[in-house]
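Only one structure is covered here, and it is reproduced in the block below.
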Amino acid sequence: MNENNPVPPMIPPADRPTPPPVPPLATPPLAGNRPLGDDPAERVAIPHAFAAIEALLRHPRRLMFQLRQPGSGKLIGGMLFVALACAAVYGVVAGTFSGHEQLWAAPVKIAAGLFISATICLPSLYIFTCLSGSQARLAEVCGLLAGLLMLMTILLVGFAPVAWIFSQSTSSIAWMGFLHLVFWFVAMLFGVRFMQNGFAHTNAKSHAGLNVWVIIFLLVAVQMTTALRPILGRSDTFFPTEKQFFLAHWADCLKQQDGENNARGRN
Amino acid sequence: MSAQTHRFSLSEISVLLRGETQAIAEWSARWDARRFTLHIGVIILGAGLYGAAMGWWRAPQQGLYVAIKFPLIILLTTFGNALINGMLAPLLGLNIPFRQSFSVIVMSHAITAAILGAFSPLIIFLIWNAPPLTTGAAGAPAYSLIILAHVAVIALAGVTGNLRLLQLLQTIGGSRAVARRVMLAWLWGNLFLGSQLSWIMRPFIGSPDLPVQLFREHAMRGSFYEAVFHALQRIFLFH
């Protein structure tokens with residue numbers, strides 16, 4: 001471009017042999033660019049739910065490959081069952097904060113809330129994947145969503161001992177709510193990463209649609225915790241009597257907490 | 001216990017402390033109940049001795065209590081986070097079995113505890129030279145010196161244990177970036193739970209104005225993070 005370029009062209013001296021051309025440093029192929037099933041280990045069928053957990057954590061490509069095979073419905077069913085069971089286990093731990101009826105109400109609400117959120121968001125997920133150019137079938141989309149839910153909930157079970165310690169130590173609903181949200185958010189990050197890796201094999205041209213869907217799912221799930229409240233605290237009724245958006249509910253919780261702290265400070 | 005077992009134990013500790021990652025990586029790949037017991041023993045002994053030294057300034061009974069609580073915090077943190085740590089390792093790129101991730105964390109805590117145990121005579125000497133912990137001692141230079149000594153020793157032990165863990169993870173996984181990622185994730189989790197367990201199991205040094213207790217009366221009331229939050233609120237919002 002610049003004709004006054006001061007750097008002379010690299011011409012090898014005539015008296016020295018020309019070295020063989022050096023190929024450019026090859027970038028190692030991304031895991032997502034290798035076709036699924038190119039490793040024979042990925043083609044091994046997943047016989048049961050425990051094997052699905054193992055595959056999800058250690059060999060996610062095996063799970064992605066199996067989700068594309070005909071008859072993957074049984075595998076998806078198993079994954080959803082694991083997600084349901086894990087959500088219930090985490091719900092019991094969340095319920096120990098208040099005890100009493102929350103020991104059964106919290107697991108029911110958490111498991112139901114997660115599954116209702118996923119069901120509500122499934123059509124939009126399918127639409128967004130189609131819009132992004134993905135060739136994924138509906139069954140495969142369902143499978144990847146089941147993978148997201150399963151990974152999220154097994155990670156939540158991993159966080160459960162920590163959540164239990166805090167449940168027994170604090171009486172602050174605001175703090176416990178915040179902690180559960182942090183755990184939920186971390187678990188969701190890993191779940192979304194699995195889903196994005198899965199969609200990378202479906203010829204999707206961009207992740208933009210999926211990223212928009214993640215925000216929608218996040219908002220729906222957070223609103224679900226408000227719609228099904230109380231999950232941590234106690235109430236006379238199973239469902240709330242007043243409708244609220246989650247931000248207004250959180251603001252109320254913080255105000256209530258502040259009032260309690262001030263009252264404690266005066267005493 | 002035979003002399004052979006004794007020799008085996010001592011050599012294991014020195015290999016751990018030297019950070020001979022090839023040997024330690026091989027240990028971690030195979031489950032060995034005797035080795036695991038040894039590492040747990042090092043944690044109990046090392047952290048227990050340091051805890052005894054820490055509490056002894058207030059009263060010998062306080063020393064006994066802290067000798068129990070200090071290793072308990074390390075062990076409860078290890079076991080409490082075992083599941084999530086085992087899941088995070090493969091998710092962050094280090095595809096090792098659950099048992100191996102648990103094993104390497106126990107080893108890193110054993111290194112930390114061994115260092116703490118080695119420093120316990122120095123802490124005892126420091127306390128022996130300090131004036132007794134009486135009312136008003138909190139403002140004295142000796143109190144500040146002892147607190148700073150604890151901070152320095154615990155930080156040294158913790159940093160060394162984690163550096164050894166990083167080297168070990170790099171040897172096992174072959175990638176420095178992955179090893180750093182996994183180590184940081186584990187470190188955050190352990191700090192998060194460990195801080196709360198320490199809060200529940202207070203006091204450690206003890207206070208001359210309060211009785212010697214295993215746990216405070218309201219040990220399970222509130223959390224470490226709420227206390228930090230309220231302290232920040234008082235500082236910045238003048239509540």
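We name chains A, B, ... following the order of the structure tokens; residues begin at 1 in each chain, and ligands are numbered from 1 as shown.
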Point to revise | Residues of range 153-239 of chain A in helix (DSSP H, G or I), written as a PyMOL selection string | key: chain A and resi 153-169+173-199+208-227
List every residue of chain A that has an atom at most 12 Å from any atom of chain B, and for each one report the closest atom pair and its distance in Å to one decimal, counting only C-alpha atoms, with rows sorted by chain and then by increasing residue number, as a Markdown table.
```
| residue | atom | partner | partner_atom | distance |
| --- | --- | --- | --- | --- |
| A:Ala31 | CA | B:Gly93 | CA | 11.5 |
| A:Ile53 | CA | B:Met87 | CA | 10.2 |
| A:Glu54 | CA | B:Met87 | CA | 9.7 |
| A:Ala55 | CA | B:Pro90 | CA | 10.4 |
| A:Leu56 | CA | B:Leu91 | CA | 8.9 |
| A:Leu57 | CA | B:Pro90 | CA | 6.0 |
| A:Arg58 | CA | B:Pro90 | CA | 5.5 |
| A:His59 | CA | B:Asn95 | CA | 8.7 |
| A:Pro60 | CA | B:Leu91 | CA | 9.3 |
| A:Leu151 | CA | B:Met87 | CA | 9.7 |
| A:Met152 | CA | B:Met87 | CA | 11.2 |
| A:Thr153 | CA | B:Ile84 | CA | 11.5 |
| A:Ile154 | CA | B:Met87 | CA | 8.6 |
| A:Leu155 | CA | B:Ile84 | CA | 6.5 |
| A:Leu156 | CA | B:Ile84 | CA | 8.3 |
| A:Val157 | CA | B:Ile84 | CA | 7.9 |
| A:Gly158 | CA | B:Ile84 | CA | 4.2 |
| A:Phe159 | CA | B:Ile84 | CA | 5.9 |
| A:Ala160 | CA | B:Gly80 | CA | 8.8 |
| A:Pro161 | CA | B:Gly80 | CA | 5.6 |
| A:Val162 | CA | B:Leu193 | CA | 6.3 |
| A:Ala163 | CA | B:Leu193 | CA | 9.3 |
| A:Trp164 | CA | B:Gly80 | CA | 9.8 |
| A:Ile165 | CA | B:Leu197 | CA | 8.1 |
| A:Phe166 | CA | B:Ser223 | CA | 7.0 |
| A:Ser167 | CA | B:Met220 | CA | 9.5 |
| A:Gln168 | CA | B:Met220 | CA | 6.6 |
| A:Ser169 | CA | B:Met220 | CA | 4.2 |
| A:Thr170 | CA | B:Gly222 | CA | 4.1 |
| A:Ser171 | CA | B:Gly222 | CA | 6.5 |
| A:Ser172 | CA | B:Gly222 | CA | 7.6 |
| A:Ile173 | CA | B:Gly222 | CA | 11.0 |
| A:Ala174 | CA | B:Glu226 | CA | 10.3 |
| A:Trp175 | CA | B:Glu226 | CA | 7.5 |
| A:Met176 | CA | B:Ser223 | CA | 10.1 |
| A:Phe178 | CA | B:Glu226 | CA | 11.5 |
| A:Leu179 | CA | B:Tyr225 | CA | 10.5 |
| A:Phe183 | CA | B:Ile84 | CA | 10.9 |
| A:Val186 | CA | B:Leu88 | CA | 10.7 |
| A:Ala187 | CA | B:Leu88 | CA | 10.1 |
| A:Leu189 | CA | B:Leu91 | CA | 11.0 |
| A:Phe190 | CA | B:Leu91 | CA | 7.6 |
| A:Gly191 | CA | B:Leu91 | CA | 10.0 |
| A:Arg193 | CA | B:Leu91 | CA | 9.7 |
| A:Phe194 | CA | B:Leu91 | CA | 9.3 |
| A:Gln257 | CA | B:Glu226 | CA | 11.7 |
| A:Asp258 | CA | B:His230 | CA | 10.9 |
| A:Asn261 | CA | B:His230 | CA | 9.6 |
| A:Asn262 | CA | B:His239 | CA | 9.2 |
| A:Gly265 | CA | B:His239 | CA | 9.7 |
| A:Arg266 | CA | B:His239 | CA | 11.7 |
```
Review point. Using only C-alpha atoms, which residues sit within 9 Å of Met201 in chain B once same-chain residues fewer than 6 positions away are excluded, as a list of chain:residue names?
Key: B:Val66, B:Lys69, B:Phe70, B:Ile73, B:Leu214, B:Phe215, B:Arg216, B:Ala219, B:Met220
Exercise for review: Could you tell me which of A:His180, A:Arg229, A:His249, A:Lys74 comes closest to His48 in chain A if we count only C-alpha atoms?
Suggested key: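 The shortest atom-to-atom distance to His48 in chain A comes from A:Lys74.
Reported to one decimal place, the separation of CA of Lys243 in chain A from CA of Gln102 in chain A is 20.5 Å.
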Point to revise | Long-range neighbours of Arg137 in chain A as number ranges by chain, 10 Å cut-off, only C-alpha atoms, 5 positions minimum in chain | key: A: 68, 126, 129-130, 142-143, 202
Store the residues picked out above, limited to C-alpha atoms, as an mmCIF file, in the first residue's frame.
```
data_model
loop_
_atom_site.group_PDB
_atom_site.id
_atom_site.type_symbol
_atom_site.label_atom_id
_atom_site.label_comp_id
_atom_site.auth_asym_id
_atom_site.auth_seq_id
_atom_site.Cartn_x
_atom_site.Cartn_y
_atom_site.Cartn_z
ATOM 1 C CA ARG A 68 -28.635 -36.648 17.666
ATOM 2 C CA TYR A 126 -36.519 -23.559 18.831
ATOM 3 C CA THR A 129 -32.093 -21.703 16.806
ATOM 4 C CA CYS A 130 -33.881 -21.848 13.460
ATOM 5 C CA CYS A 142 -35.151 -30.625 23.655
ATOM 6 C CA GLY A 143 -32.095 -32.766 24.379
ATOM 7 C CA THR A 202 -25.778 -27.750 14.258
#
```
Exercise for review: Could you tell me how far CA of Gln69 in chain A lies from CA of Ala208 in chain A, in Å and to one decimal?
Suggested key: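 Atom-to-atom, CA of Gln69 in chain A to CA of Ala208 in chain A, that is 26.4 Å.
Of the listed residues (A:Lys109, A:His207, A:His100, A:His201), A:His201 comes nearest to Gly37 in chain A; the distances count only C-alpha atoms.
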**Study point:** Residue with smallest distance to Gly133 in chain A - pool A:Ala248, A:Leu149, A:Ala200, A:Leu254, counting only C-alpha atoms
**Key:**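 Closest to Gly133 in chain A, using only C-alpha atoms: A:Ala200.
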Exercise for review: Could you tell me which of B:Ile105, B:Ile147, B:Ala59, B:Ala25 comes closest to Val182 in chain B if we count only C-alpha atoms?
Suggested key: B:Ile105
Check your understanding: What's the 10 Å shell around Thr21 in chain B, counting only C-alpha atoms, without same-chain residues fewer than 4 positions away, as a PyMOL selection string?
Key -> chain B and resi 15-16+25-27+164-172
Produce a file of the selected residues containing N, CA and C atoms, as a PDB file, in the first residue's frame.
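Listing of selection.pdb after writing:
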```pdb
ATOM      1  N   VAL B  15       8.141 -35.341  50.420  1.00  0.00           N
ATOM      2  CA  VAL B  15       7.870 -35.289  48.967  1.00  0.00           C
ATOM      3  C   VAL B  15       6.767 -34.269  48.688  1.00  0.00           C
ATOM      4  N   LEU B  16       5.766 -34.268  49.532  1.00  0.00           N
ATOM      5  CA  LEU B  16       4.673 -33.293  49.396  1.00  0.00           C
ATOM      6  C   LEU B  16       5.206 -31.869  49.508  1.00  0.00           C
ATOM      7  N   ALA B  25       1.547 -36.655  41.526  1.00  0.00           N
ATOM      8  CA  ALA B  25       0.503 -36.919  40.522  1.00  0.00           C
ATOM      9  C   ALA B  25       0.219 -38.415  40.433  1.00  0.00           C
ATOM     10  N   GLU B  26       1.285 -39.217  40.529  1.00  0.00           N
ATOM     11  CA  GLU B  26       1.087 -40.680  40.501  1.00  0.00           C
ATOM     12  C   GLU B  26       0.322 -41.150  41.730  1.00  0.00           C
ATOM     13  N   TRP B  27       0.635 -40.568  42.885  1.00  0.00           N
ATOM     14  CA  TRP B  27      -0.105 -40.939  44.104  1.00  0.00           C
ATOM     15  C   TRP B  27      -1.587 -40.628  43.935  1.00  0.00           C
ATOM     16  N   ARG B 164       1.608 -25.250  45.347  1.00  0.00           N
ATOM     17  CA  ARG B 164       1.874 -26.676  45.122  1.00  0.00           C
ATOM     18  C   ARG B 164       0.706 -27.316  44.381  1.00  0.00           C
ATOM     19  N   LEU B 165      -0.493 -26.902  44.742  1.00  0.00           N
ATOM     20  CA  LEU B 165      -1.683 -27.442  44.075  1.00  0.00           C
ATOM     21  C   LEU B 165      -1.674 -27.054  42.593  1.00  0.00           C
ATOM     22  N   LEU B 166      -1.303 -25.806  42.324  1.00  0.00           N
ATOM     23  CA  LEU B 166      -1.257 -25.332  40.930  1.00  0.00           C
ATOM     24  C   LEU B 166      -0.244 -26.142  40.120  1.00  0.00           C
ATOM     25  N   GLN B 167       0.943 -26.355  40.709  1.00  0.00           N
ATOM     26  CA  GLN B 167       1.974 -27.131  40.011  1.00  0.00           C
ATOM     27  C   GLN B 167       1.490 -28.558  39.753  1.00  0.00           C
ATOM     28  N   LEU B 168       0.804 -29.106  40.748  1.00  0.00           N
ATOM     29  CA  LEU B 168       0.313 -30.485  40.617  1.00  0.00           C
ATOM     30  C   LEU B 168      -0.758 -30.574  39.531  1.00  0.00           C
ATOM     31  N   LEU B 169      -1.660 -29.616  39.526  1.00  0.00           N
ATOM     32  CA  LEU B 169      -2.733 -29.620  38.520  1.00  0.00           C
ATOM     33  C   LEU B 169      -2.146 -29.458  37.120  1.00  0.00           C
ATOM     34  N   GLN B 170      -1.085 -28.658  37.024  1.00  0.00           N
ATOM     35  CA  GLN B 170      -0.446 -28.455  35.721  1.00  0.00           C
ATOM     36  C   GLN B 170       0.211 -29.755  35.245  1.00  0.00           C
ATOM     37  N   THR B 171       0.814 -30.470  36.175  1.00  0.00           N
ATOM     38  CA  THR B 171       1.432 -31.750  35.810  1.00  0.00           C
ATOM     39  C   THR B 171       0.372 -32.752  35.369  1.00  0.00           C
ATOM     40  N   ILE B 172      -0.730 -32.761  36.088  1.00  0.00           N
ATOM     41  CA  ILE B 172      -1.781 -33.736  35.770  1.00  0.00           C
ATOM     42  C   ILE B 172      -2.457 -33.387  34.440  1.00  0.00           C
TER      43      ILE B 172
END
```
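CA of Arg202 in chain B is found 11.0 Å from CA of Gly55 in chain B.
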Check your understanding: Could you pull the residues within 9 Å of Val192 in chain A, counting only C-alpha atoms, minus those fewer than 3 positions along the same chain, as a ChimeraX atom specification?
Key -> /A:148,152,187-189,195-197,211,214
Exercise for review: Tell me which protein, DNA and RNA residues are within 10 Å of Ile216 in chain A, counting only C-alpha atoms, leaving out same-chain ones fewer than 6 positions away, and put them as JSON, numbers by chain.
Suggested key: {"A": [117, 121, 124, 125, 210, 222]}
